[in-house]
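Asks: Coordinates in protein-v1.txt, compact mmCIF, C-alpha atoms and all ligand atoms, are listed below.
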```txt
# COMPACT_ATOMS: atom_id res chain seq x y z
CA MET F 1 -16.05 -9.89 15.43
CA ASN F 2 -16.91 -10.10 11.72
CA ILE F 3 -15.48 -13.18 10.04
CA VAL F 4 -15.46 -13.81 6.28
CA LYS F 5 -14.23 -17.24 5.17
CA VAL F 6 -12.15 -17.75 2.03
CA LYS F 7 -12.86 -21.32 0.97
CA LEU F 8 -10.20 -22.41 -1.49
CA PRO F 9 -10.74 -25.17 -4.06
CA ALA F 10 -8.11 -27.65 -2.81
CA GLY F 11 -9.94 -28.19 0.45
CA ALA F 12 -10.33 -27.01 3.99
CA ALA F 13 -6.61 -27.02 4.81
CA ARG F 14 -5.99 -23.90 2.72
CA ALA F 15 -9.18 -22.10 3.72
CA TYR F 16 -8.62 -19.00 5.80
CA ASP F 17 -10.53 -16.38 7.74
CA ILE F 18 -10.64 -12.64 7.26
CA ARG F 19 -11.30 -11.17 10.73
CA ILE F 20 -12.57 -7.61 10.95
CA GLN F 21 -12.63 -5.99 14.37
CA PRO F 22 -11.70 -2.60 15.83
CA GLY F 23 -8.68 -3.07 18.13
CA LEU F 24 -7.55 -6.33 16.48
CA LEU F 25 -3.91 -5.10 16.21
CA ASP F 26 -3.53 -5.53 19.97
CA GLU F 27 -4.49 -9.21 19.56
CA LEU F 28 -1.92 -9.78 16.82
CA GLY F 29 0.18 -12.24 18.86
CA ARG F 30 -2.74 -14.34 20.08
CA GLN F 31 -4.25 -14.42 16.59
CA THR F 32 -0.92 -15.31 14.95
CA VAL F 33 -0.45 -18.22 17.37
CA ARG F 34 -4.01 -19.37 16.56
CA ILE F 35 -3.39 -19.07 12.80
CA ALA F 36 0.20 -20.33 12.49
CA GLY F 37 0.97 -21.91 15.86
CA ALA F 38 4.65 -20.91 15.80
CA GLY F 39 7.02 -19.66 18.52
CA SER F 40 8.41 -16.74 16.54
CA VAL F 41 7.26 -14.28 13.93
CA VAL F 42 8.80 -11.80 11.48
CA ILE F 43 6.86 -8.60 10.89
CA ILE F 44 7.52 -6.84 7.58
CA SER F 45 6.46 -3.21 7.29
CA ASP F 46 7.56 0.02 5.60
CA THR F 47 8.95 3.34 6.79
CA ASN F 48 5.44 4.88 6.89
CA VAL F 49 3.63 2.20 8.84
CA GLY F 50 6.49 0.73 10.90
CA PRO F 51 6.93 3.88 13.05
CA LEU F 52 3.15 4.17 13.53
CA TYR F 53 2.16 0.61 14.42
CA GLY F 54 5.34 -1.50 14.55
CA ALA F 55 5.94 -1.16 18.30
CA ARG F 56 2.30 -1.99 19.12
CA ALA F 57 2.46 -5.04 16.87
CA GLU F 58 5.70 -6.18 18.53
CA ARG F 59 4.20 -5.71 22.02
CA ALA F 60 1.14 -7.74 21.03
CA CYS F 61 3.40 -10.55 19.76
CA ALA F 62 5.58 -10.49 22.89
CA ALA F 63 2.46 -10.62 25.09
CA ALA F 64 1.54 -13.90 23.38
CA GLY F 65 5.04 -15.30 24.05
CA LEU F 66 6.25 -14.91 20.45
CA ARG F 67 9.83 -14.00 19.57
CA CYS F 68 9.46 -11.15 17.14
CA GLU F 69 11.64 -9.36 14.58
CA LEU F 70 10.49 -6.23 12.72
CA LEU F 71 11.95 -5.65 9.23
CA THR F 72 11.22 -2.31 7.57
CA PHE F 73 11.79 -1.19 3.98
CA PRO F 74 11.46 2.30 2.40
CA ALA F 75 7.84 3.22 1.68
CA GLY F 76 6.53 3.81 -1.84
CA GLU F 77 5.71 2.02 -5.08
CA GLU F 78 9.24 2.84 -6.33
CA HIS F 79 10.59 0.44 -3.69
CA LYS F 80 8.34 -2.43 -4.75
CA THR F 81 11.33 -4.07 -6.41
CA ILE F 82 13.28 -7.30 -6.46
CA ALA F 83 16.12 -5.37 -4.72
CA THR F 84 13.81 -4.67 -1.76
CA ALA F 85 12.75 -8.32 -1.71
CA ALA F 86 16.42 -9.39 -1.74
CA LYS F 87 17.20 -7.17 1.28
CA LEU F 88 14.25 -8.67 3.13
CA TRP F 89 15.49 -12.19 2.28
CA ASP F 90 18.85 -11.13 3.78
CA GLY F 91 16.90 -10.06 6.87
CA LEU F 92 15.15 -13.43 7.10
CA ALA F 93 18.47 -15.23 6.59
CA ALA F 94 19.90 -13.36 9.59
CA GLN F 95 17.08 -14.79 11.80
CA SER F 96 16.42 -18.39 12.73
CA VAL F 97 13.48 -18.58 10.36
CA GLU F 98 11.99 -22.02 9.75
CA ARG F 99 9.34 -23.11 7.31
CA ALA F 100 6.63 -22.70 9.96
CA THR F 101 7.70 -19.17 10.95
CA PRO F 102 4.94 -16.78 9.90
CA VAL F 103 5.57 -13.45 8.19
CA VAL F 104 3.18 -10.70 9.24
CA ALA F 105 2.65 -8.13 6.47
CA LEU F 106 1.85 -4.91 8.34
CA GLY F 107 0.99 -2.15 5.89
CA GLY F 108 -0.80 -1.17 2.71
CA GLY F 109 -0.88 -2.74 -0.73
CA VAL F 110 2.85 -2.44 -1.40
CA VAL F 111 3.80 -4.03 1.93
CA GLY F 112 1.27 -6.84 1.48
CA ASP F 113 2.49 -7.59 -2.05
CA VAL F 114 6.21 -7.43 -1.21
CA ALA F 115 6.00 -9.28 2.13
CA GLY F 116 3.73 -11.90 0.54
CA PHE F 117 6.21 -12.42 -2.30
CA VAL F 118 9.18 -12.58 0.09
CA ALA F 119 7.31 -15.21 2.13
CA ALA F 120 6.21 -17.12 -0.98
CA CYS F 121 9.82 -17.67 -2.08
CA TYR F 122 11.75 -18.02 1.19
CA LEU F 123 12.22 -21.70 2.08
CA ARG F 124 9.72 -22.24 -0.77
CA GLY F 125 6.92 -20.74 1.25
CA LEU F 126 6.41 -19.31 4.73
CA PRO F 127 2.92 -18.72 6.15
CA VAL F 128 1.72 -15.13 5.82
CA VAL F 129 -0.67 -13.19 8.00
CA GLN F 130 -1.88 -10.04 6.28
CA VAL F 131 -2.55 -7.04 8.53
CA PRO F 132 -3.70 -4.31 6.13
CA THR F 133 -3.44 -0.67 7.17
CA THR F 134 -4.95 1.07 4.12
CA LEU F 135 -8.51 0.87 2.80
CA LEU F 136 -7.18 -0.50 -0.51
CA ALA F 137 -5.44 -3.35 1.28
CA CYS F 138 -8.47 -4.01 3.54
CA VAL F 139 -10.98 -4.24 0.70
CA ASP F 140 -8.83 -5.85 -1.98
CA SER F 141 -5.11 -6.61 -1.98
CA SER F 142 -4.76 -8.41 1.39
CA VAL F 143 -7.25 -11.06 0.23
CA GLY F 144 -6.67 -13.53 -2.57
CA GLY F 145 -2.95 -14.31 -2.49
CA LYS F 146 -1.62 -12.10 -5.29
CA THR F 147 1.93 -11.16 -4.33
CA GLY F 148 4.80 -9.62 -6.25
CA VAL F 149 7.04 -6.74 -7.21
CA ASP F 150 7.26 -4.38 -10.19
CA HIS F 151 9.75 -4.76 -13.04
CA PRO F 152 11.46 -1.66 -14.52
CA VAL F 153 10.72 -2.72 -18.10
CA ALA F 154 7.82 -5.18 -17.94
CA GLY F 155 5.86 -3.05 -15.43
CA LYS F 156 3.67 -3.25 -12.36
CA ASN F 157 3.33 -6.58 -10.50
CA MET F 158 5.04 -8.46 -13.32
CA ILE F 159 7.22 -10.64 -11.05
CA GLY F 160 5.17 -12.52 -8.51
CA ALA F 161 3.42 -15.58 -7.22
CA PHE F 162 0.03 -16.64 -5.96
CA HIS F 163 0.58 -17.27 -2.25
CA GLN F 164 -2.56 -17.26 -0.15
CA PRO F 165 -2.32 -15.85 3.36
CA SER F 166 -3.04 -18.12 6.32
CA GLY F 167 -5.17 -15.37 7.81
CA VAL F 168 -6.15 -11.73 7.33
CA LEU F 169 -6.56 -9.51 10.40
CA ILE F 170 -8.32 -6.19 9.74
CA ASP F 171 -8.44 -3.49 12.39
CA PRO F 172 -10.48 -0.62 10.85
CA LEU F 173 -9.17 1.78 13.51
CA LEU F 174 -5.72 1.66 11.86
CA LEU F 175 -7.23 3.68 9.00
CA ALA F 176 -7.35 6.75 11.27
CA SER F 177 -3.88 7.67 10.05
CA LEU F 178 -4.60 7.23 6.33
CA PRO F 179 -3.87 10.35 4.20
CA GLN F 180 -6.93 11.69 2.35
CA ARG F 181 -5.81 10.73 -1.16
CA GLU F 182 -5.16 7.14 -0.06
CA TRP F 183 -8.86 6.68 0.68
CA SER F 184 -9.55 7.08 -3.03
CA CYS F 185 -7.75 3.81 -3.69
CA GLY F 186 -10.02 1.76 -1.45
CA LEU F 187 -13.19 3.57 -2.47
CA ALA F 188 -12.42 3.07 -6.17
CA GLU F 189 -11.85 -0.68 -5.64
CA SER F 190 -15.16 -0.82 -3.74
CA VAL F 191 -16.98 0.82 -6.66
CA LYS F 192 -15.22 -1.68 -8.95
CA HIS F 193 -16.59 -4.62 -6.95
CA ALA F 194 -20.07 -3.09 -7.00
CA VAL F 195 -20.30 -2.25 -10.71
CA ALA F 196 -18.69 -5.47 -11.94
CA LEU F 197 -20.27 -7.89 -9.47
CA ASP F 198 -22.96 -6.66 -7.10
CA ALA F 199 -25.74 -4.18 -7.91
CA LYS F 200 -27.05 -4.29 -4.31
CA PHE F 201 -23.62 -3.23 -3.07
CA PHE F 202 -23.68 -0.33 -5.58
CA ARG F 203 -26.97 0.90 -4.05
CA TRP F 204 -25.50 0.53 -0.55
CA LEU F 205 -22.43 2.57 -1.55
CA ALA F 206 -24.50 5.19 -3.35
CA SER F 207 -26.61 5.75 -0.22
CA ARG F 208 -23.43 6.42 1.81
CA ALA F 209 -21.13 8.25 -0.66
CA GLU F 210 -21.02 11.51 1.34
CA GLN F 211 -20.42 9.57 4.55
CA PHE F 212 -17.32 7.95 3.04
CA ALA F 213 -16.12 11.26 1.58
CA ALA F 214 -16.44 12.76 5.11
CA ILE F 215 -14.44 9.89 6.65
CA ALA F 216 -11.74 10.36 3.99
CA ALA F 217 -11.57 14.10 4.74
CA ARG F 218 -11.20 13.71 8.55
CA PRO F 219 -10.17 10.13 9.29
CA ALA F 220 -8.56 10.88 12.66
CA SER F 221 -11.98 11.64 14.20
CA GLU F 222 -14.39 9.95 11.79
CA VAL F 223 -12.81 6.48 11.70
CA VAL F 224 -13.63 5.95 15.37
CA ARG F 225 -17.09 7.52 15.13
CA GLN F 226 -17.97 5.54 12.00
CA ALA F 227 -16.12 2.32 12.79
CA ASP F 228 -19.23 0.16 12.27
CA THR F 229 -19.97 1.59 8.80
CA LEU F 230 -16.34 1.19 7.87
CA ALA F 231 -16.31 -2.43 9.09
CA GLU F 232 -19.48 -3.06 7.04
CA LEU F 233 -17.84 -1.53 3.93
CA ILE F 234 -14.80 -3.77 4.40
CA ARG F 235 -16.91 -6.87 5.11
CA TRP F 236 -19.02 -6.34 2.00
CA ASN F 237 -15.93 -6.05 -0.21
CA CYS F 238 -14.27 -9.07 1.44
CA ARG F 239 -17.39 -11.22 0.92
CA ILE F 240 -17.39 -10.37 -2.80
CA LYS F 241 -13.65 -10.95 -3.16
CA ALA F 242 -13.69 -14.19 -1.11
CA ALA F 243 -16.40 -15.67 -3.35
CA ILE F 244 -14.47 -14.81 -6.52
CA VAL F 245 -11.15 -16.13 -5.20
CA ALA F 246 -12.81 -19.36 -4.02
CA ALA F 247 -14.26 -19.88 -7.50
CA ASP F 248 -11.18 -18.90 -9.53
CA GLU F 249 -8.05 -18.65 -7.41
CA HIS F 250 -5.57 -18.34 -10.31
CA GLU F 251 -7.56 -16.00 -12.55
CA ALA F 252 -8.53 -18.47 -15.25
CA GLY F 253 -11.74 -16.57 -15.91
CA LEU F 254 -14.08 -15.12 -13.29
CA ARG F 255 -11.34 -13.42 -11.26
CA SER F 256 -10.42 -11.33 -14.32
CA LEU F 257 -13.59 -9.35 -13.66
CA LEU F 258 -11.76 -7.81 -10.70
CA ASN F 259 -9.64 -6.01 -13.30
CA PHE F 260 -12.54 -3.71 -14.25
CA GLY F 261 -11.02 -0.25 -14.72
CA HIS F 262 -7.48 -1.58 -14.43
CA THR F 263 -6.53 -2.01 -18.11
CA THR F 264 -6.39 1.70 -18.86
CA GLY F 265 -5.99 2.46 -15.13
CA HIS F 266 -2.54 0.81 -14.99
CA ALA F 267 -1.46 2.63 -18.17
CA ILE F 268 -2.61 6.01 -16.78
CA GLU F 269 -0.89 5.37 -13.44
CA THR F 270 2.37 4.40 -15.15
CA LEU F 271 2.38 7.25 -17.68
CA ALA F 272 1.54 9.89 -15.08
CA GLY F 273 4.41 8.60 -12.94
CA PHE F 274 3.71 6.57 -9.81
CA GLY F 275 2.46 8.83 -7.04
CA HIS F 276 1.22 11.59 -9.38
CA VAL F 277 -2.01 9.78 -10.08
CA ARG F 278 -2.89 7.44 -7.21
CA HIS F 279 -3.86 3.86 -8.09
CA GLY F 280 -7.49 4.45 -7.06
CA GLU F 281 -7.70 7.67 -9.06
CA ALA F 282 -6.39 5.83 -12.14
CA VAL F 283 -8.86 2.97 -11.59
CA SER F 284 -11.65 5.52 -11.28
CA MET F 285 -10.67 7.00 -14.67
CA GLY F 286 -10.26 3.49 -16.08
CA MET F 287 -13.78 2.48 -15.00
CA ALA F 288 -15.16 5.59 -16.69
CA VAL F 289 -13.26 4.68 -19.90
CA ALA F 290 -14.45 1.05 -19.85
CA THR F 291 -18.05 2.06 -19.20
CA ARG F 292 -17.96 4.59 -22.06
CA ILE F 293 -16.78 1.76 -24.35
CA ALA F 294 -19.71 -0.35 -23.08
CA VAL F 295 -22.13 2.51 -23.81
CA GLY F 296 -20.61 2.97 -27.28
CA ARG F 297 -21.23 -0.72 -28.01
CA GLY F 298 -24.81 -0.59 -26.74
CA LEU F 299 -24.03 -3.03 -23.89
CA VAL F 300 -25.44 -0.57 -21.34
CA ASP F 301 -27.31 2.68 -21.66
CA SER F 302 -25.87 6.03 -20.67
CA ALA F 303 -27.87 6.02 -17.39
CA LEU F 304 -25.44 3.45 -16.00
CA LEU F 305 -22.50 5.63 -17.00
CA ASP F 306 -24.18 8.59 -15.27
CA GLN F 307 -24.72 6.51 -12.12
CA LEU F 308 -21.06 5.49 -12.10
CA LEU F 309 -19.71 9.00 -12.76
CA GLY F 310 -22.11 10.44 -10.16
CA LEU F 311 -20.96 8.04 -7.43
CA LEU F 312 -17.26 8.51 -8.20
CA THR F 313 -17.64 12.30 -8.17
CA ARG F 314 -19.53 12.23 -4.84
CA MET F 315 -16.61 10.22 -3.46
CA ASN F 316 -14.21 12.91 -4.74
CA LEU F 317 -12.67 10.54 -7.27
CA PRO F 318 -11.54 11.95 -10.65
CA THR F 319 -13.17 10.51 -13.77
CA ALA F 320 -11.46 12.45 -16.61
CA VAL F 321 -8.13 11.25 -17.98
CA PRO F 322 -5.58 14.09 -17.38
CA ALA F 323 -5.23 16.34 -20.43
CA GLY F 324 -1.43 15.97 -20.37
CA LEU F 325 -1.55 12.22 -21.08
CA SER F 326 -1.58 11.21 -24.73
CA PRO F 327 -4.32 8.72 -25.71
CA GLY F 328 -1.83 7.13 -28.15
CA GLU F 329 0.62 6.43 -25.32
CA ILE F 330 -2.14 5.04 -23.10
CA ILE F 331 -3.30 2.74 -25.90
CA LYS F 332 0.28 1.59 -26.57
CA LEU F 333 0.86 0.78 -22.92
CA THR F 334 -2.38 -1.22 -22.55
CA THR F 335 -0.97 -3.77 -25.00
CA LYS F 336 1.72 -4.60 -22.40
CA ASP F 337 -0.87 -5.40 -19.75
CA LYS F 338 -0.87 -8.81 -17.99
CA LYS F 339 -4.37 -9.31 -19.36
CA VAL F 340 -3.14 -9.48 -22.97
CA ARG F 341 -3.80 -12.93 -24.54
CA GLY F 342 -2.54 -13.81 -28.03
CA GLY F 343 -1.68 -10.15 -28.60
CA ARG F 344 -5.26 -8.99 -27.86
CA VAL F 345 -5.93 -6.62 -24.98
CA ARG F 346 -8.72 -7.87 -22.72
CA PHE F 347 -11.16 -5.35 -21.28
CA VAL F 348 -13.75 -5.91 -18.58
CA LEU F 349 -16.93 -4.14 -19.69
CA PRO F 350 -20.21 -3.90 -17.76
CA PHE F 351 -23.39 -5.13 -19.44
CA ALA F 352 -25.72 -4.29 -16.51
CA MET F 353 -25.21 -2.86 -13.04
CA GLY F 354 -23.37 -5.56 -11.05
CA GLN F 355 -22.56 -7.65 -14.13
CA ALA F 356 -19.52 -7.56 -16.40
CA LYS F 357 -17.77 -9.66 -19.04
CA LEU F 358 -14.34 -9.90 -20.66
CA PHE F 359 -13.95 -8.62 -24.23
CA ASP F 360 -10.84 -8.99 -26.40
CA ASP F 361 -12.04 -7.07 -29.46
CA VAL F 362 -11.92 -3.46 -28.26
CA THR F 363 -10.38 -1.43 -31.08
CA PRO F 364 -7.87 1.42 -30.64
CA SER F 365 -10.40 3.91 -32.03
CA GLU F 366 -13.10 2.80 -29.55
CA LEU F 367 -10.56 3.20 -26.77
CA GLU F 368 -9.49 6.63 -28.00
CA ARG F 369 -13.10 7.85 -28.15
CA ALA F 370 -13.63 6.63 -24.58
CA ILE F 371 -10.43 8.31 -23.33
CA ARG F 372 -11.36 11.68 -24.90
CA PRO F 373 -15.19 11.65 -25.17
N1 LIG F 401 -6.98 -7.14 -7.18
C1 LIG F 401 -7.49 -8.05 -8.13
C2 LIG F 401 -7.32 -9.48 -7.72
O1 LIG F 401 -6.91 -9.75 -6.60
O2 LIG F 401 -7.58 -10.35 -8.50
```
Translate this structure into structure tokens?

Replies:
Amino acid sequence: MNIVKVKLPAGAARAYDIRIQPGLLDELGRQTVRIAGAGSVVIISDTNVGPLYGARAERACAAAGLRCELLTFPAGEEHKTIATAAKLWDGLAAQSVERATPVVALGGGVVGDVAGFVAACYLRGLPVVQVPTTLLACVDSSVGGKTGVDHPVAGKNMIGAFHQPSGVLIDPLLLASLPQREWSCGLAESVKHAVALDAKFFRWLASRAEQFAAIAARPASEVVRQADTLAELIRWNCRIKAAIVAADEHEAGLRSLLNFGHTTGHAIETLAGFGHVRHGEAVSMGMAVATRIAVGRGLVDSALLDQLLGLLTRMNLPTAVPAGLSPGEIIKLTTKDKKVRGGRVRFVLPFAMGQAKLFDDVTPSELERAIRP
């Protein structure tokens, strides 16, 4: 069993473990009792993941003597709304949920964010156990306590709360059912961690790019065969993320570096229409844009940009912003980003491999040149 500890500033009581182990889903009940010590549990999932893994999760909970209720909501970013959260609160209200009753978030990024938010608000905070089922959720969103829903006007993740999980249980074998394009999301976030924070991790990824592209192409067979490499990929990401969250839980500074590629990435994802460009594909394009700005400013030389573009391409990630999207619209939308402070858009730009900084003086013309080089 691989264990990564997230040590939070306010002391040991809030610290939690990320456990990574093939087959961990079948220990869900035992692990939930260990983490939350309650007699019942509510599992929240979506209509993609619920039918795949819901029954197994329920069996594992029953085997540990837990009373268990499975609540499912329609899959997709378009359902990451306050209306979905409200229906789930209705579902919790129909159960005998107490403040110690844990919510298990069984699914990808959307499920983790929505279930985490639902738990954060209900009875002013239920414990959450994150059980991620996508690579994106394993390497990024299940760790760190960001929860929330989208707002139709304000945008993605604009309504939310920091609510740290009490534990994260990662079973890499669950990724066997992940559609090919979904892998891009987790691989792009891995490249983000490497370029912004860890040059050694970048070299590790670069030496295995084809291996990950092969897993993404045939996960049903490759996930089992390459379970150890996959667990190592997840562990490496979780170690990086855990260190950042421990140092800056509420994104006062250091944690902002995890937004590398996301400023233009979010705008591209929104303008293309959710689902047309996947989150990871948009982040991949966004990292290329940010690195071109860094090259233009002389922060890094073009060799670093070539290294980045080379790795993303070998992982089958797109790096060019789609021709149909207008640079003007992208620039306009970036000014609505959560990272805006005092009206200035904040960009994370690399200044060496594995090192990045926040800048708030990127001009529209610099951004336009980087979008259409
Ligand atoms: N996904 C970025 C963060 O958790 O801060």

Asks: May I have the residues within 9 Å of F:Leu8 as a list in words, using all atoms listed in the file and disregarding those fewer than 6 positions away in the same chain?

Replies: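 Listed by chain and then number, they are Arg14, Ala15, Tyr16, Ala242, Val245, Ala246, Ala247, Asp248 and Glu249 of chain F.
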
Asks: Please check which protein, DNA or RNA residues sit within 7 Å of ligand LIG 401 (chain F), counting all atoms listed in the file, and write them as a list of chain:residue names.

Replies: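 Checked against 7 Å with all atoms listed in the file; the hits are F:Asp140, F:Ser141, F:Val143, F:Gly144, F:Lys146, F:Glu251, F:Arg255, F:Ser256, F:Leu258, F:Asn259.
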
Asks: Any idea what's packed within 9 Å of F:Val103, counting all atoms listed in the file, ignoring anything in its chain fewer than 3 positions away? Could you give it as a list of chain:residue names?

Replies: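 Contacts, with the query itself left out: F:Val41, F:Val42, F:Ile43, F:Ile44, F:Ala115, F:Gly116, F:Val118, F:Ala119, F:Leu126, F:Pro127, F:Val128, F:Val129, F:Gln130.
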
Asks: Name the closest residue to F:Gln211 among the candidates F:Val224, F:Leu230, F:Leu136, F:Ala85; distances are taken between atoms, counting only C-alpha atoms.

Replies: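 Residue with the minimum atom-to-atom distance to F:Gln211: F:Leu230.
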
Asks: May I have a table of the residues of stretch 159-260 of chain F lying at most 9 Å from stretch 270-287 of chain F, giving each one's closest pair of atoms and their distance in Å to one decimal, counting all atoms listed in the file, ordered by chain and ascending residue number, as a tab-separated table?

Replies:
```
residue	atom	partner	partner_atom	distance
F:Arg181	CA	F:Arg278	CA	7.5
F:Glu182	CA	F:Arg278	CA	7.5
F:Trp183	CA	F:Gly280	CA	8.2
F:Ser184	CA	F:Gly280	CA	5.2
F:Cys185	CA	F:Gly280	CA	3.4
F:Gly186	CA	F:Gly280	CA	6.7
F:Leu187	CA	F:Gly280	CA	7.4
F:Ala188	CA	F:Gly280	CA	5.2
F:Glu189	CA	F:Gly280	CA	6.9
F:Val191	CA	F:Ser284	CA	8.5
F:Lys192	CA	F:Met287	CA	7.5
F:Phe260	CA	F:Met287	CA	6.4
```

Asks: Around the point (8.9, -23.8, 9.5) in the file's coordinates, collect all residues with an atom within 12 Å, using only C-alpha atoms, and return them as a PyMOL selection string.

Replies: chain F and resi 36-41+96-103+119+122-128

Asks: State, in Å with one decimal place, the distance from atom CA of F:Leu197 to atom CA of F:Arg239.

Replies: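 Atom CA of F:Leu197 sits 11.3 Å away from atom CA of F:Arg239.
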
Asks: Scan for residues within 12 Å of the point (14.5, 0.4, 2.2) in the coordinates of the file, using all atoms listed in the file, and reply as a list in words.

Replies: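 These residues have at least one counted atom within 12 Å: Ile44, Ser45, Asp46, Thr47, Asn48, Gly50, Leu71, Thr72, Phe73, Pro74, Ala75, Gly76, Glu77, Glu78, His79, Lys80, Thr81, Ile82, Ala83, Thr84, Ala85, Ala86, Lys87, Leu88, Gly91, Val111 and Val114 of chain F.
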
Asks: Could you jot down the atom CA of F:His193 to atom CA of F:Val321 separation for me, Å, one decimal place?

Replies: 21.1 Å

Asks: Separation of atom CA of F:Leu66 and atom CA of F:Arg235, in Å?

Replies: 28.9 Å

Asks: I'd like to know which of F:Val348, F:Ile20, F:Ala13, F:Ile35 is closest to F:Ala231, using only C-alpha atoms.

Replies: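 Closest to F:Ala231 of all the choices is F:Ile20.
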
Asks: Restricting the calculation to only C-alpha atoms: of F:Gly160, F:Val149, F:Pro165, F:Gly155, which residue gets closest to F:Thr32?

Replies: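 With only C-alpha atoms as the atom set, the closest residue is F:Pro165.
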
Asks: Just checking: using all atoms listed in the file, which residue out of F:Val362, F:Ala243, F:Ala57, F:Ala10 ends up closest to F:Asp198?

Replies: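 Nearest to F:Asp198: F:Ala243.
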
Asks: Find, counting all atoms listed in the file, the residue in F:Arg203, F:Lys336, F:Arg59, F:Lys357 that gets nearest to F:Ala267.

Replies: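 Nearest candidate to F:Ala267 out of F:Arg203, F:Lys336, F:Arg59, F:Lys357: F:Lys336.
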
Asks: If you count all atoms listed in the file, which residues fall within 12 Å of stretch 303-311 of chain F, apart from same-chain ones fewer than 4 positions away, as a PDB file with C-alpha atoms, in the frame of the given file?

Replies:
```pdb
ATOM      1  CA  LEU F 187     -13.190   3.570  -2.470  1.00  0.00           C
ATOM      2  CA  ALA F 188     -12.420   3.070  -6.170  1.00  0.00           C
ATOM      3  CA  SER F 190     -15.160  -0.820  -3.740  1.00  0.00           C
ATOM      4  CA  VAL F 191     -16.980   0.820  -6.660  1.00  0.00           C
ATOM      5  CA  LYS F 192     -15.220  -1.680  -8.950  1.00  0.00           C
ATOM      6  CA  ALA F 194     -20.070  -3.090  -7.000  1.00  0.00           C
ATOM      7  CA  VAL F 195     -20.300  -2.250 -10.710  1.00  0.00           C
ATOM      8  CA  ALA F 196     -18.690  -5.470 -11.940  1.00  0.00           C
ATOM      9  CA  ALA F 199     -25.740  -4.180  -7.910  1.00  0.00           C
ATOM     10  CA  PHE F 202     -23.680  -0.330  -5.580  1.00  0.00           C
ATOM     11  CA  ARG F 203     -26.970   0.900  -4.050  1.00  0.00           C
ATOM     12  CA  TRP F 204     -25.500   0.530  -0.550  1.00  0.00           C
ATOM     13  CA  LEU F 205     -22.430   2.570  -1.550  1.00  0.00           C
ATOM     14  CA  ALA F 206     -24.500   5.190  -3.350  1.00  0.00           C
ATOM     15  CA  SER F 207     -26.610   5.750  -0.220  1.00  0.00           C
ATOM     16  CA  ARG F 208     -23.430   6.420   1.810  1.00  0.00           C
ATOM     17  CA  ALA F 209     -21.130   8.250  -0.660  1.00  0.00           C
ATOM     18  CA  GLU F 210     -21.020  11.510   1.340  1.00  0.00           C
ATOM     19  CA  PHE F 212     -17.320   7.950   3.040  1.00  0.00           C
ATOM     20  CA  ALA F 213     -16.120  11.260   1.580  1.00  0.00           C
ATOM     21  CA  GLY F 261     -11.020  -0.250 -14.720  1.00  0.00           C
ATOM     22  CA  SER F 284     -11.650   5.520 -11.280  1.00  0.00           C
ATOM     23  CA  MET F 285     -10.670   7.000 -14.670  1.00  0.00           C
ATOM     24  CA  GLY F 286     -10.260   3.490 -16.080  1.00  0.00           C
ATOM     25  CA  MET F 287     -13.780   2.480 -15.000  1.00  0.00           C
ATOM     26  CA  ALA F 288     -15.160   5.590 -16.690  1.00  0.00           C
ATOM     27  CA  VAL F 289     -13.260   4.680 -19.900  1.00  0.00           C
ATOM     28  CA  ALA F 290     -14.450   1.050 -19.850  1.00  0.00           C
ATOM     29  CA  THR F 291     -18.050   2.060 -19.200  1.00  0.00           C
ATOM     30  CA  ARG F 292     -17.960   4.590 -22.060  1.00  0.00           C
ATOM     31  CA  ILE F 293     -16.780   1.760 -24.350  1.00  0.00           C
ATOM     32  CA  ALA F 294     -19.710  -0.350 -23.080  1.00  0.00           C
ATOM     33  CA  VAL F 295     -22.130   2.510 -23.810  1.00  0.00           C
ATOM     34  CA  GLY F 296     -20.610   2.970 -27.280  1.00  0.00           C
ATOM     35  CA  GLY F 298     -24.810  -0.590 -26.740  1.00  0.00           C
ATOM     36  CA  LEU F 299     -24.030  -3.030 -23.890  1.00  0.00           C
ATOM     37  CA  MET F 315     -16.610  10.220  -3.460  1.00  0.00           C
ATOM     38  CA  ASN F 316     -14.210  12.910  -4.740  1.00  0.00           C
ATOM     39  CA  LEU F 317     -12.670  10.540  -7.270  1.00  0.00           C
ATOM     40  CA  PRO F 318     -11.540  11.950 -10.650  1.00  0.00           C
ATOM     41  CA  THR F 319     -13.170  10.510 -13.770  1.00  0.00           C
ATOM     42  CA  ALA F 320     -11.460  12.450 -16.610  1.00  0.00           C
ATOM     43  CA  LEU F 349     -16.930  -4.140 -19.690  1.00  0.00           C
ATOM     44  CA  PRO F 350     -20.210  -3.900 -17.760  1.00  0.00           C
ATOM     45  CA  PHE F 351     -23.390  -5.130 -19.440  1.00  0.00           C
ATOM     46  CA  ALA F 352     -25.720  -4.290 -16.510  1.00  0.00           C
ATOM     47  CA  MET F 353     -25.210  -2.860 -13.040  1.00  0.00           C
ATOM     48  CA  GLY F 354     -23.370  -5.560 -11.050  1.00  0.00           C
ATOM     49  CA  GLN F 355     -22.560  -7.650 -14.130  1.00  0.00           C
ATOM     50  CA  ALA F 370     -13.630   6.630 -24.580  1.00  0.00           C
TER      51      ALA F 370
END
```

Asks: Ranking F:Cys138, F:Ala55, F:Leu257, F:Val49 by minimum distance to F:Ile234 and counting only C-alpha atoms, which one comes first?

Replies: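 Under the stated criterion, the closest residue is F:Cys138.
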
Asks: For F:Thr363, please output as number ranges by chain all residues within 12 Å (counting only C-alpha atoms; exclusion window: fewer than 5 positions along the same chain).

Replies: F: 293, 296-297, 331-332, 334-335, 344-347, 368-370
